[in-house]
$ cat input24.pdb   # PDB, C-alpha atoms
ATOM      1  CA  MET A 248       8.224   4.892  35.588
ATOM      2  CA  ILE A 249       9.375   6.985  32.662
ATOM      3  CA  LYS A 250       6.824   8.968  30.722
ATOM      4  CA  ALA A 251       7.716   9.794  27.174
ATOM      5  CA  ARG A 252       6.066  11.830  24.469
ATOM      6  CA  VAL A 253       6.781  10.915  20.877
ATOM      7  CA  THR A 254       5.776  13.428  18.214
ATOM      8  CA  VAL A 255       5.525  12.316  14.610
ATOM      9  CA  THR A 256       5.288  14.909  11.858
ATOM     10  CA  LEU A 257       5.346  14.826   8.074
ATOM     11  CA  LYS A 258       8.668  15.617   6.434
ATOM     12  CA  ASN A 259       9.013  18.880   4.565
ATOM     13  CA  GLY A 260       7.993  18.473   0.957
ATOM     14  CA  VAL A 261       5.406  15.778   1.700
ATOM     15  CA  LEU A 262       1.938  16.962   0.739
ATOM     16  CA  ASP A 263      -0.398  17.050   3.740
ATOM     17  CA  PRO A 264      -4.000  17.262   2.475
ATOM     18  CA  GLN A 265      -5.402  17.175   6.017
ATOM     19  CA  GLY A 266      -3.156  20.033   7.130
ATOM     20  CA  LYS A 267      -4.285  22.000   4.069
ATOM     21  CA  ALA A 268      -7.949  21.413   4.903
ATOM     22  CA  ILE A 269      -7.381  22.562   8.502
ATOM     23  CA  GLU A 270      -5.516  25.620   7.211
ATOM     24  CA  GLY A 271      -8.512  26.468   5.023
ATOM     25  CA  ALA A 272     -10.953  25.920   7.895
ATOM     26  CA  LEU A 273      -8.980  28.206  10.230
ATOM     27  CA  GLY A 274      -9.078  30.901   7.562
ATOM     28  CA  ALA A 275     -12.823  30.362   7.143
ATOM     29  CA  LEU A 276     -13.263  30.865  10.920
ATOM     30  CA  GLY A 277     -11.730  34.290  10.524
ATOM     31  CA  PHE A 278      -8.281  33.671  11.982
ATOM     32  CA  ASP A 279      -6.023  36.024  10.068
ATOM     33  CA  GLY A 280      -2.398  35.408   9.421
ATOM     34  CA  VAL A 281      -2.477  31.605   9.674
ATOM     35  CA  GLY A 282       0.434  30.284   7.612
ATOM     36  CA  HIS A 283       1.051  26.653   6.787
ATOM     37  CA  VAL A 284      -0.624  24.055   9.007
ATOM     38  CA  ARG A 285       0.833  20.561   9.234
ATOM     39  CA  GLN A 286      -0.963  17.744  11.017
ATOM     40  CA  GLY A 287       0.960  15.174  13.051
ATOM     41  CA  LYS A 288       0.545  12.550  15.753
ATOM     42  CA  VAL A 289       1.431  12.440  19.445
ATOM     43  CA  PHE A 290       2.049   9.240  21.430
ATOM     44  CA  ASP A 291       2.294   9.294  25.233
ATOM     45  CA  ILE A 292       4.161   6.183  26.258
ATOM     46  CA  GLU A 293       4.822   4.881  29.767
ATOM     47  CA  ILE A 294       7.894   2.772  30.270
ATOM     48  CA  ASP A 295       8.270   0.693  33.401
ATOM     49  CA  SER A 296      11.949   1.374  34.018
ATOM     50  CA  ALA A 297      14.219   3.949  35.627
ATOM     51  CA  ASP A 298      16.949   3.642  33.000
ATOM     52  CA  LYS A 299      16.513   6.734  30.851
ATOM     53  CA  ALA A 300      19.263   5.870  28.394
ATOM     54  CA  LYS A 301      17.755   2.465  27.688
ATOM     55  CA  ALA A 302      14.251   3.963  27.452
ATOM     56  CA  GLU A 303      15.485   6.495  24.934
ATOM     57  CA  ALA A 304      17.164   3.806  22.829
ATOM     58  CA  ASP A 305      14.005   1.668  22.990
ATOM     59  CA  LEU A 306      11.790   4.614  22.004
ATOM     60  CA  LYS A 307      14.017   5.358  19.039
ATOM     61  CA  ALA A 308      13.706   1.738  17.931
ATOM     62  CA  MET A 309       9.908   1.927  18.404
ATOM     63  CA  CYS A 310       9.784   4.997  16.161
ATOM     64  CA  GLU A 311      11.932   3.398  13.479
ATOM     65  CA  LYS A 312      10.055   0.094  13.553
ATOM     66  CA  LEU A 313       6.451   1.177  13.982
ATOM     67  CA  LEU A 314       5.459   4.622  15.233
ATOM     68  CA  ALA A 315       6.784   6.582  12.246
ATOM     69  CA  ASN A 316       6.988   5.738   8.569
ATOM     70  CA  THR A 317      10.392   7.259   7.908
ATOM     71  CA  VAL A 318       9.687   7.450   4.170
ATOM     72  CA  ILE A 319       7.335  10.346   4.891
ATOM     73  CA  GLU A 320       7.615  11.184   8.594
ATOM     74  CA  ASN A 321      10.081  12.589  11.159
ATOM     75  CA  TYR A 322       9.848  11.963  14.892
ATOM     76  CA  THR A 323      11.034  13.566  18.123
ATOM     77  CA  ILE A 324      11.232  11.954  21.563
ATOM     78  CA  ALA A 325      10.843  13.852  24.844
ATOM     79  CA  LEU A 326      11.286  12.236  28.268
ATOM     80  CA  ASN A 327      10.087  13.647  31.588
TER
ATOM     81  CA  MET B 112       0.444 -22.466 -10.919
ATOM     82  CA  LYS B 113      -0.475 -22.468  -7.247
ATOM     83  CA  SER B 114      -1.474 -19.399  -5.292
ATOM     84  CA  ALA B 115      -2.114 -18.305  -1.722
ATOM     85  CA  VAL B 116      -4.247 -15.514  -0.246
ATOM     86  CA  VAL B 117      -3.311 -13.898   3.054
ATOM     87  CA  GLN B 118      -5.996 -13.303   5.674
ATOM     88  CA  LEU B 119      -5.636 -10.743   8.449
ATOM     89  CA  PRO B 120      -8.218  -9.172  10.773
ATOM     90  CA  GLY B 121      -9.951  -6.386   8.876
ATOM     91  CA  LEU B 122      -9.068  -7.499   5.355
ATOM     92  CA  ASN B 123     -12.390  -7.910   3.553
ATOM     93  CA  ARG B 124     -11.515  -8.387  -0.114
ATOM     94  CA  ASP B 125     -10.068 -11.842   0.451
ATOM     95  CA  ARG B 126     -13.195 -13.630  -0.773
ATOM     96  CA  ASP B 127     -13.267 -11.646  -4.021
ATOM     97  CA  MET B 128      -9.594 -12.459  -4.507
ATOM     98  CA  ILE B 129     -10.122 -16.169  -3.791
ATOM     99  CA  ALA B 130     -13.006 -16.226  -6.292
ATOM    100  CA  ALA B 131     -10.919 -14.514  -8.984
ATOM    101  CA  LEU B 132      -7.915 -16.785  -8.511
ATOM    102  CA  THR B 133     -10.116 -19.890  -8.484
ATOM    103  CA  LYS B 134     -11.990 -18.889 -11.631
ATOM    104  CA  ILE B 135      -8.887 -17.906 -13.574
ATOM    105  CA  SER B 136      -6.492 -20.677 -12.558
ATOM    106  CA  GLY B 137      -9.074 -23.438 -12.031
ATOM    107  CA  LYS B 138      -7.587 -24.079  -8.578
ATOM    108  CA  ALA B 139      -8.622 -22.585  -5.269
ATOM    109  CA  PRO B 140      -5.795 -20.677  -3.563
ATOM    110  CA  VAL B 141      -4.490 -21.769  -0.174
ATOM    111  CA  THR B 142      -5.445 -19.330   2.581
ATOM    112  CA  VAL B 143      -2.782 -18.189   5.021
ATOM    113  CA  TRP B 144      -3.480 -16.653   8.455
ATOM    114  CA  GLN B 145      -1.467 -13.737   9.844
ATOM    115  CA  THR B 146       0.416 -15.773  12.462
ATOM    116  CA  GLU B 147       1.768 -18.360  10.038
ATOM    117  CA  THR B 148       5.507 -18.441   9.523
ATOM    118  CA  GLU B 149       5.770 -21.497   7.250
ATOM    119  CA  LEU B 150       4.154 -20.640   3.947
ATOM    120  CA  PRO B 151       2.948 -23.245   1.455
ATOM    121  CA  ASP B 152       4.953 -23.823  -1.695
ATOM    122  CA  VAL B 153       3.137 -21.563  -4.157
ATOM    123  CA  ASP B 154       4.021 -19.426  -7.191
ATOM    124  CA  LEU B 155       1.935 -16.391  -6.259
ATOM    125  CA  ILE B 156       1.057 -14.904  -2.875
ATOM    126  CA  VAL B 157      -1.701 -12.279  -2.797
ATOM    127  CA  ILE B 158      -2.361  -9.770  -0.022
ATOM    128  CA  PRO B 159      -5.914  -8.572  -0.701
ATOM    129  CA  GLY B 160      -7.632  -5.321   0.147
ATOM    130  CA  GLY B 161      -9.596  -4.176   3.151
ATOM    131  CA  PHE B 162      -8.918  -2.316   6.359
ATOM    132  CA  SER B 163      -6.429  -4.443   8.286
ATOM    133  CA  TYR B 164      -6.370  -3.502  11.968
ATOM    134  CA  GLY B 165      -8.939  -0.791  11.269
ATOM    135  CA  ASP B 166      -6.294   1.285   9.444
ATOM    136  CA  TYR B 167      -5.028   2.233  12.934
ATOM    137  CA  LEU B 168      -1.761   4.205  13.134
ATOM    138  CA  ARG B 169      -1.304   4.214   9.330
ATOM    139  CA  CYS B 170      -2.991   2.039   6.692
ATOM    140  CA  GLY B 171      -1.221  -1.330   6.654
ATOM    141  CA  ALA B 172       1.242  -0.369   9.407
ATOM    142  CA  ILE B 173       0.229  -2.962  11.993
ATOM    143  CA  ALA B 174      -0.355  -5.735   9.445
ATOM    144  CA  ALA B 175       3.107  -5.159   7.972
ATOM    145  CA  ARG B 176       4.633  -6.144  11.336
ATOM    146  CA  MET B 177       2.819  -9.518  11.526
ATOM    147  CA  PRO B 178       4.809 -12.782  11.246
ATOM    148  CA  VAL B 179       3.176 -13.762   7.955
ATOM    149  CA  ILE B 180       4.541 -10.645   6.259
ATOM    150  CA  GLN B 181       8.071 -11.532   7.338
ATOM    151  CA  ALA B 182       7.506 -14.995   5.863
ATOM    152  CA  ILE B 183       6.236 -13.411   2.629
ATOM    153  CA  ARG B 184       9.325 -11.198   2.496
ATOM    154  CA  GLU B 185      11.521 -14.305   2.645
ATOM    155  CA  LYS B 186       9.495 -15.965  -0.143
ATOM    156  CA  ALA B 187       9.806 -12.814  -2.260
ATOM    157  CA  GLU B 188      13.565 -12.876  -1.765
ATOM    158  CA  GLN B 189      13.496 -16.414  -3.198
ATOM    159  CA  GLY B 190      11.677 -15.100  -6.280
ATOM    160  CA  VAL B 191       8.065 -16.012  -5.465
ATOM    161  CA  LYS B 192       5.603 -13.540  -6.980
ATOM    162  CA  VAL B 193       3.762 -11.312  -4.518
ATOM    163  CA  LEU B 194       0.757  -9.139  -5.381
ATOM    164  CA  GLY B 195      -0.699  -6.557  -2.993
ATOM    165  CA  VAL B 196      -3.990  -4.904  -3.927
ATOM    166  CA  CYS B 197      -5.283  -1.773  -2.168
ATOM    167  CA  ASN B 198      -4.646  -2.414   1.554
ATOM    168  CA  GLY B 199      -2.282  -5.158   0.358
ATOM    169  CA  PHE B 200      -0.303  -2.469  -1.501
ATOM    170  CA  GLN B 201      -0.266  -0.304   1.637
ATOM    171  CA  ILE B 202       1.022  -3.295   3.626
ATOM    172  CA  LEU B 203       3.829  -3.985   1.121
ATOM    173  CA  LEU B 204       4.923  -0.332   1.344
ATOM    174  CA  GLU B 205       4.794  -0.330   5.145
ATOM    175  CA  ALA B 206       6.835  -3.535   5.131
ATOM    176  CA  GLY B 207       9.450  -1.807   2.985
ATOM    177  CA  MET B 208       9.010  -4.368   0.189
ATOM    178  CA  LEU B 209       8.196  -1.589  -2.290
ATOM    179  CA  PRO B 210       9.470   2.003  -2.405
ATOM    180  CA  GLY B 211       7.361   5.020  -1.441
ATOM    181  CA  ALA B 212       4.269   5.551   0.694
ATOM    182  CA  LEU B 213       0.532   6.052   0.276
ATOM    183  CA  MET B 214      -0.972   9.196   1.754
ATOM    184  CA  ARG B 215      -4.551  10.360   2.345
ATOM    185  CA  ASN B 216      -6.357  11.107  -0.950
ATOM    186  CA  ALA B 217      -5.850  14.730  -1.993
ATOM    187  CA  SER B 218      -9.650  15.208  -1.933
ATOM    188  CA  LEU B 219      -9.720  13.807   1.651
ATOM    189  CA  LYS B 220     -12.641  11.669   0.445
ATOM    190  CA  PHE B 221     -13.001   7.911   0.176
ATOM    191  CA  VAL B 222     -13.272   7.207  -3.553
ATOM    192  CA  CYS B 223     -15.244   4.246  -4.886
ATOM    193  CA  ARG B 224     -15.561   4.364  -8.659
ATOM    194  CA  GLU B 225     -14.188   3.067 -11.917
ATOM    195  CA  VAL B 226     -10.965   4.558 -13.313
ATOM    196  CA  LYS B 227      -8.912   4.124 -16.472
ATOM    197  CA  LEU B 228      -5.559   2.446 -16.043
ATOM    198  CA  GLU B 229      -2.725   2.692 -18.517
ATOM    199  CA  VAL B 230      -0.338  -0.250 -18.639
ATOM    200  CA  ALA B 231       2.980   1.608 -18.342
ATOM    201  CA  ASN B 232       5.105  -1.553 -18.355
ATOM    202  CA  ALA B 233       3.841  -4.687 -20.129
ATOM    203  CA  GLU B 234       7.065  -6.592 -19.633
ATOM    204  CA  THR B 235       6.460  -7.697 -16.066
ATOM    205  CA  ALA B 236       5.362 -11.114 -14.819
ATOM    206  CA  PHE B 237       2.015  -9.516 -13.953
ATOM    207  CA  THR B 238       1.278  -7.615 -17.169
ATOM    208  CA  ARG B 239       2.471  -9.862 -20.019
ATOM    209  CA  ALA B 240      -1.110 -10.387 -21.186
ATOM    210  CA  TYR B 241      -1.446  -6.658 -21.858
ATOM    211  CA  ALA B 242       0.207  -4.311 -24.362
ATOM    212  CA  LYS B 243       2.244  -1.271 -23.309
ATOM    213  CA  GLY B 244      -0.005   1.785 -23.399
ATOM    214  CA  GLN B 245      -3.177  -0.314 -23.291
ATOM    215  CA  VAL B 246      -5.917   1.384 -21.260
ATOM    216  CA  LEU B 247      -7.963  -0.807 -18.937
ATOM    217  CA  ARG B 248     -11.086  -0.171 -16.921
ATOM    218  CA  CYS B 249     -10.640  -0.934 -13.251
ATOM    219  CA  PRO B 250     -12.532  -0.166 -10.027
ATOM    220  CA  VAL B 251     -10.908   1.651  -7.106
ATOM    221  CA  ALA B 252     -12.150   1.934  -3.512
ATOM    222  CA  HIS B 253      -9.828   3.633  -1.055
ATOM    223  CA  HIS B 254      -9.173   6.585   1.234
ATOM    224  CA  ASP B 255      -5.359   6.510   1.195
ATOM    225  CA  GLY B 256      -4.116   5.922  -2.330
ATOM    226  CA  ASN B 257      -2.123   9.072  -2.928
ATOM    227  CA  TYR B 258       1.280   7.680  -3.905
ATOM    228  CA  PHE B 259       4.342   9.564  -2.686
ATOM    229  CA  ALA B 260       8.059   8.990  -3.139
ATOM    230  CA  ASP B 261      10.907  11.481  -2.887
ATOM    231  CA  ALA B 262      12.159  12.950  -6.169
ATOM    232  CA  GLU B 263      15.252  10.764  -6.350
ATOM    233  CA  THR B 264      13.342   7.523  -5.688
ATOM    234  CA  LEU B 265      10.631   8.503  -8.151
ATOM    235  CA  LYS B 266      13.120   9.210 -10.920
ATOM    236  CA  ALA B 267      14.949   5.917 -10.329
ATOM    237  CA  MET B 268      11.645   4.033 -10.459
ATOM    238  CA  GLU B 269      10.551   5.752 -13.658
ATOM    239  CA  ASP B 270      13.926   5.082 -15.275
ATOM    240  CA  LYS B 271      13.785   1.386 -14.397
ATOM    241  CA  GLY B 272      10.178   0.870 -15.531
ATOM    242  CA  GLN B 273       8.976   0.193 -11.992
ATOM    243  CA  VAL B 274       5.799   2.196 -12.548
ATOM    244  CA  VAL B 275       3.503  -0.500 -13.945
ATOM    245  CA  PHE B 276       0.081   1.179 -13.914
ATOM    246  CA  ARG B 277      -0.923   4.833 -14.193
ATOM    247  CA  TYR B 278      -4.337   6.453 -13.909
ATOM    248  CA  ALA B 279      -5.209   7.514 -17.451
ATOM    249  CA  GLU B 280      -7.449  10.009 -19.190
ATOM    250  CA  GLY B 281      -7.704  12.355 -16.207
ATOM    251  CA  THR B 282      -9.105   9.700 -13.865
ATOM    252  CA  ASN B 283      -6.451  10.035 -11.110
ATOM    253  CA  PRO B 284      -8.773   9.677  -8.090
ATOM    254  CA  ASN B 285      -6.334  10.538  -5.302
ATOM    255  CA  GLY B 286      -3.634  13.026  -6.349
ATOM    256  CA  SER B 287      -1.003  10.310  -6.753
ATOM    257  CA  MET B 288       2.401  11.560  -8.019
ATOM    258  CA  ASN B 289       2.937  10.932 -11.737
ATOM    259  CA  ASP B 290      -0.577   9.369 -11.760
ATOM    260  CA  ILE B 291       0.934   6.241 -10.218
ATOM    261  CA  ALA B 292      -1.558   3.434  -9.582
ATOM    262  CA  GLY B 293       0.803   0.456  -9.298
ATOM    263  CA  VAL B 294       4.524  -0.158  -8.813
ATOM    264  CA  ILE B 295       6.838  -3.159  -8.921
ATOM    265  CA  ASN B 296      10.099  -3.876  -7.088
ATOM    266  CA  ALA B 297      13.444  -3.769  -8.902
ATOM    267  CA  ARG B 298      13.571  -7.567  -9.150
ATOM    268  CA  GLY B 299      10.153  -7.602 -10.821
ATOM    269  CA  ASN B 300       8.358 -10.102  -8.571
ATOM    270  CA  VAL B 301       6.519  -7.863  -6.082
ATOM    271  CA  LEU B 302       3.666  -5.719  -7.452
ATOM    272  CA  GLY B 303       1.487  -3.349  -5.464
ATOM    273  CA  MET B 304      -1.520  -1.514  -6.879
ATOM    274  CA  MET B 305      -4.469   0.481  -5.523
ATOM    275  CA  PRO B 306      -7.134  -0.556  -8.106
ATOM    276  CA  HIS B 307      -8.997  -3.857  -7.793
ATOM    277  CA  PRO B 308      -8.435  -6.051 -10.875
ATOM    278  CA  GLU B 309     -10.145  -8.944  -9.046
ATOM    279  CA  ASN B 310     -13.430  -7.069  -9.372
ATOM    280  CA  LEU B 311     -13.440  -6.983 -13.157
ATOM    281  CA  ILE B 312     -12.789 -10.515 -14.347
ATOM    282  CA  GLU B 313     -16.051 -11.761 -15.886
ATOM    283  CA  ALA B 314     -19.216 -10.692 -17.662
ATOM    284  CA  ALA B 315     -21.119 -10.533 -14.375
ATOM    285  CA  HIS B 316     -18.719  -7.764 -13.314
ATOM    286  CA  GLY B 317     -19.486  -5.854 -16.503
ATOM    287  CA  GLY B 318     -16.105  -6.585 -18.046
ATOM    288  CA  SER B 319     -12.957  -8.642 -17.750
ATOM    289  CA  ASP B 320     -10.131  -6.115 -18.089
ATOM    290  CA  GLY B 321      -8.587  -7.296 -14.809
ATOM    291  CA  ARG B 322      -8.276 -10.895 -15.932
ATOM    292  CA  GLY B 323      -5.025 -10.393 -17.818
ATOM    293  CA  LEU B 324      -3.159  -9.536 -14.625
ATOM    294  CA  PHE B 325      -3.996 -12.847 -12.969
ATOM    295  CA  ALA B 326      -3.562 -14.744 -16.229
ATOM    296  CA  SER B 327      -0.049 -13.259 -16.513
ATOM    297  CA  ALA B 328       0.890 -13.967 -12.903
ATOM    298  CA  LEU B 329      -0.578 -17.475 -12.965
ATOM    299  CA  ASP B 330       0.759 -18.318 -16.407
ATOM    300  CA  VAL B 331      -2.628 -19.186 -17.868
ATOM    301  CA  ILE B 332      -4.069 -17.999 -21.162
ATOM    302  CA  ALA B 333      -6.181 -14.878 -20.730
ATOM    303  CA  ALA B 334      -9.747 -15.382 -21.854
TER
END

$ encode --input "input24.pdb" --output "structure tokens"
Amino acid sequence: MIKARVTVTLKNGVLDPQGKAIEGALGALGFDGVGHVRQGKVFDIEIDSADKAKAEADLKAMCEKLLANTVIENYTIALN
Amino acid sequence: MKSAVVQLPGLNRDRDMIAALTKISGKAPVTVWQTETELPDVDLIVIPGGFSYGDYLRCGAIAARMPVIQAIREKAEQGVKVLGVCNGFQILLEAGMLPGALMRNASLKFVCREVKLEVANAETAFTRAYAKGQVLRCPVAHHDGNYFADAETLKAMEDKGQVVFRYAEGTNPNGSMNDIAGVINARGNVLGMMPHPENLIEAAHGGSDGRGLFASALDVIAA
């Protein structure tokens, strides 16, 4: 069993209204020195295989086809 | 002119769309379920609004991967007209049939109100009944209508007249770039828009500004 974590984040230059709202809320809670906040998504995916290379290729295809919208989002894949 | 309306779990504006198409063309549209791969021979396919798959992952993301959308893509490549309204627009973007993406409204709020729409391009198969610069009333109801495209894409679209509708008179409800409310593909047969023209087609709606869009697409005289 391979466990993977896929992280999807907004590309630089894409406005993130939710990140902005969180940034404002952190400031309102009194946390000083909070710079930009960007919100993203995390997917924990189990893959029933021992072939890490294949799993990585499959995960990349999953990101391209569904998990990320590459018009606005970047993704990273971590295996453990 | 024959039309079809796509039905997917979570789409809820299909009945309004069916009513509008029936009233304007005099013929009820065929309904098409998400698993269908053989589409009927029609001139216009409409993906209506709603919340397909509960807006999970991203609005329209799951719906865009359904077999029917692949079948619609093939029809569009043959020149059949495709209209996506609201969630239908989000689905067309997620399917890569139109450029750009729709983000969460800048206000972070769901907006349900009437806006003013400027017809930015009246030379499309969907807007022939209007005049360039004409301002229409149109309802909107969405949470993710904030249009985004990178600078290069946006410029190319503006240069080619692919921006068809803009929010006018300061009524941009969502922070959309360049006040974009609706865009068309380069070929001119796939239109996506956030506002709901199907909800302003007769006196009972309080106006009929949306009628011209369907009259154009269905080749009937606007009344």

$ residues_around --input "input24.pdb" --residues "range 312-319 of chain A" --least-positions-apart "3" --cutoff "12 Å" --atoms "all atoms listed in the file" --output "PyMOL selection string"
(chain A and resi 252-263+287-292+305-309+322-324) or (chain B and resi 167-177+201-202+204-207+209-214+258-262+264)

$ atom_distance --input "input24.pdb" --atom1 "CA of Pro284 in chain B" --atom2 "CA of Val226 in chain B"
7.6 Å

$ resolve_selection --input "input24.pdb" --expression "the PyMOL selection byres ((chain A and resi 250) around 7)" --output "ChimeraX atom specification"
/A:248-249,251-252,292-294,326-327

$ atom_distance --input "input24.pdb" --atom1 "CA of Gly321 in chain B" --atom2 "CA of Asn289 in chain B"
21.8 Å

$ atom_distance --input "input24.pdb" --atom1 "CA of Asp152 in chain B" --atom2 "CA of Ala187 in chain B"
12.0 Å

$ closest_residue --input "input24.pdb" --among "A:Glu303, A:Asp279, A:Glu320, A:Glu270" --to "chain B" --atoms "only C-alpha atoms"
A:Glu320

$ closest_residue --input "input24.pdb" --among "B:Thr238, B:Gln273, B:Thr282, B:Ser218" --to "Val251 in chain B" --atoms "all atoms listed in the file"
B:Thr282

$ resolve_selection --input "input24.pdb" --expression "the PyMOL selection byres ((chain B and resi 318) around 12)" --output "list in words"
Glu225, Leu247, Arg248, Cys249, Pro250, Pro308, Glu309, Asn310, Leu311, Ile312, Glu313, Ala314, Ala315, His316, Gly317, Ser319, Asp320, Gly321, Arg322, Gly323 and Ala334 of chain B

$ closest_residue --input "input24.pdb" --among "B:His253, B:Lys271, B:Glu234, B:Leu203" --to "Leu302 in chain B" --atoms "all atoms listed in the file"
B:Leu203

$ residues_near_point --input "input24.pdb" --point "(10.7, -16.8, -2.5)" --cutoff "10 Å" --atoms "only C-alpha atoms" --output "PyMOL selection string"
chain B and resi 150+152-156+182-193+300

$ resolve_selection --input "input24.pdb" --expression "the PyMOL selection byres ((chain A and resi 268) around 12)" --output "PyMOL selection string"
(chain A and resi 262-267+269-275+283-286) or (chain B and resi 215-220)

$ residues_around --input "input24.pdb" --residues "Trp144 in chain B" --least-positions-apart "6" --cutoff "9 Å" --atoms "all atoms listed in the file" --output "short mmCIF file (atom, residue, chain, number, x, y, z; two decimals) with C-alpha atoms, in the frame of the given file"
data_model
loop_
_atom_site.label_atom_id
_atom_site.label_comp_id
_atom_site.auth_asym_id
_atom_site.auth_seq_id
_atom_site.Cartn_x
_atom_site.Cartn_y
_atom_site.Cartn_z
CA VAL B 116 -4.25 -15.51 -0.25
CA VAL B 117 -3.31 -13.90 3.05
CA GLN B 118 -6.00 -13.30 5.67
CA LEU B 119 -5.64 -10.74 8.45
CA VAL B 179 3.18 -13.76 7.96
#

$ axis_aligned_box --input "input24.pdb" --around "range 131-142 of chain B" --padding-each-side "3 Å" --output "AutoDock Vina command-line options"
--center_x -8.2 --center_y -19.3 --center_z -5.5 --size_x 13.5 --size_y 15.6 --size_z 22.2

$ closest_residue --input "input24.pdb" --among "B:Asp290, B:Asp270, B:Asp255, B:Asp127" --to "chain A" --atoms "all atoms listed in the file"
B:Asp255

$ closest_residue --input "input24.pdb" --among "B:Leu228, B:Met304, B:Ile295, B:Ile180" --to "Glu269 in chain B" --atoms "all atoms listed in the file"
B:Ile295

$ decode --input "input24.pdb" --residues "range 225-240 of chain B" --atoms "N, CA and C atoms" --output "short mmCIF file (atom, residue, chain, number, x, y, z; two decimals), in the first residue's frame"
data_model
loop_
_atom_site.label_atom_id
_atom_site.label_comp_id
_atom_site.auth_asym_id
_atom_site.auth_seq_id
_atom_site.Cartn_x
_atom_site.Cartn_y
_atom_site.Cartn_z
N GLU B 225 -30.58 40.96 -9.58
CA GLU B 225 -30.59 41.30 -11.00
C GLU B 225 -29.38 42.18 -11.31
N VAL B 226 -28.74 41.94 -12.46
CA VAL B 226 -27.62 42.79 -12.89
C VAL B 226 -27.94 43.37 -14.26
N LYS B 227 -27.07 44.29 -14.68
CA LYS B 227 -27.15 44.83 -16.05
C LYS B 227 -26.05 44.15 -16.86
N LEU B 228 -26.44 43.74 -18.05
CA LEU B 228 -25.49 43.05 -18.93
C LEU B 228 -25.34 43.84 -20.21
N GLU B 229 -24.09 44.12 -20.56
CA GLU B 229 -23.85 44.79 -21.84
C GLU B 229 -23.51 43.72 -22.88
N VAL B 230 -24.14 43.83 -24.04
CA VAL B 230 -23.82 42.91 -25.13
C VAL B 230 -22.53 43.42 -25.77
N ALA B 231 -21.42 42.73 -25.52
CA ALA B 231 -20.12 43.19 -26.00
C ALA B 231 -19.86 42.72 -27.43
N ASN B 232 -20.53 41.64 -27.82
CA ASN B 232 -20.40 41.14 -29.20
C ASN B 232 -21.77 40.67 -29.66
N ALA B 233 -22.34 41.39 -30.63
CA ALA B 233 -23.69 41.05 -31.13
C ALA B 233 -23.60 40.28 -32.44
N GLU B 234 -22.40 39.83 -32.76
CA GLU B 234 -22.25 39.11 -34.03
C GLU B 234 -22.01 37.63 -33.80
N THR B 235 -22.55 37.11 -32.71
CA THR B 235 -22.43 35.67 -32.48
C THR B 235 -23.78 35.00 -32.76
N ALA B 236 -23.74 33.69 -32.88
CA ALA B 236 -24.97 32.92 -33.14
C ALA B 236 -25.95 33.01 -31.97
N PHE B 237 -25.48 33.52 -30.83
CA PHE B 237 -26.33 33.59 -29.64
C PHE B 237 -26.84 35.02 -29.38
N THR B 238 -26.27 36.00 -30.06
CA THR B 238 -26.60 37.39 -29.70
C THR B 238 -27.07 38.23 -30.90
N ARG B 239 -27.39 37.57 -32.01
CA ARG B 239 -27.78 38.31 -33.22
C ARG B 239 -29.02 39.16 -33.02
N ALA B 240 -29.88 38.76 -32.06
CA ALA B 240 -31.12 39.51 -31.85
C ALA B 240 -30.88 40.80 -31.07
#
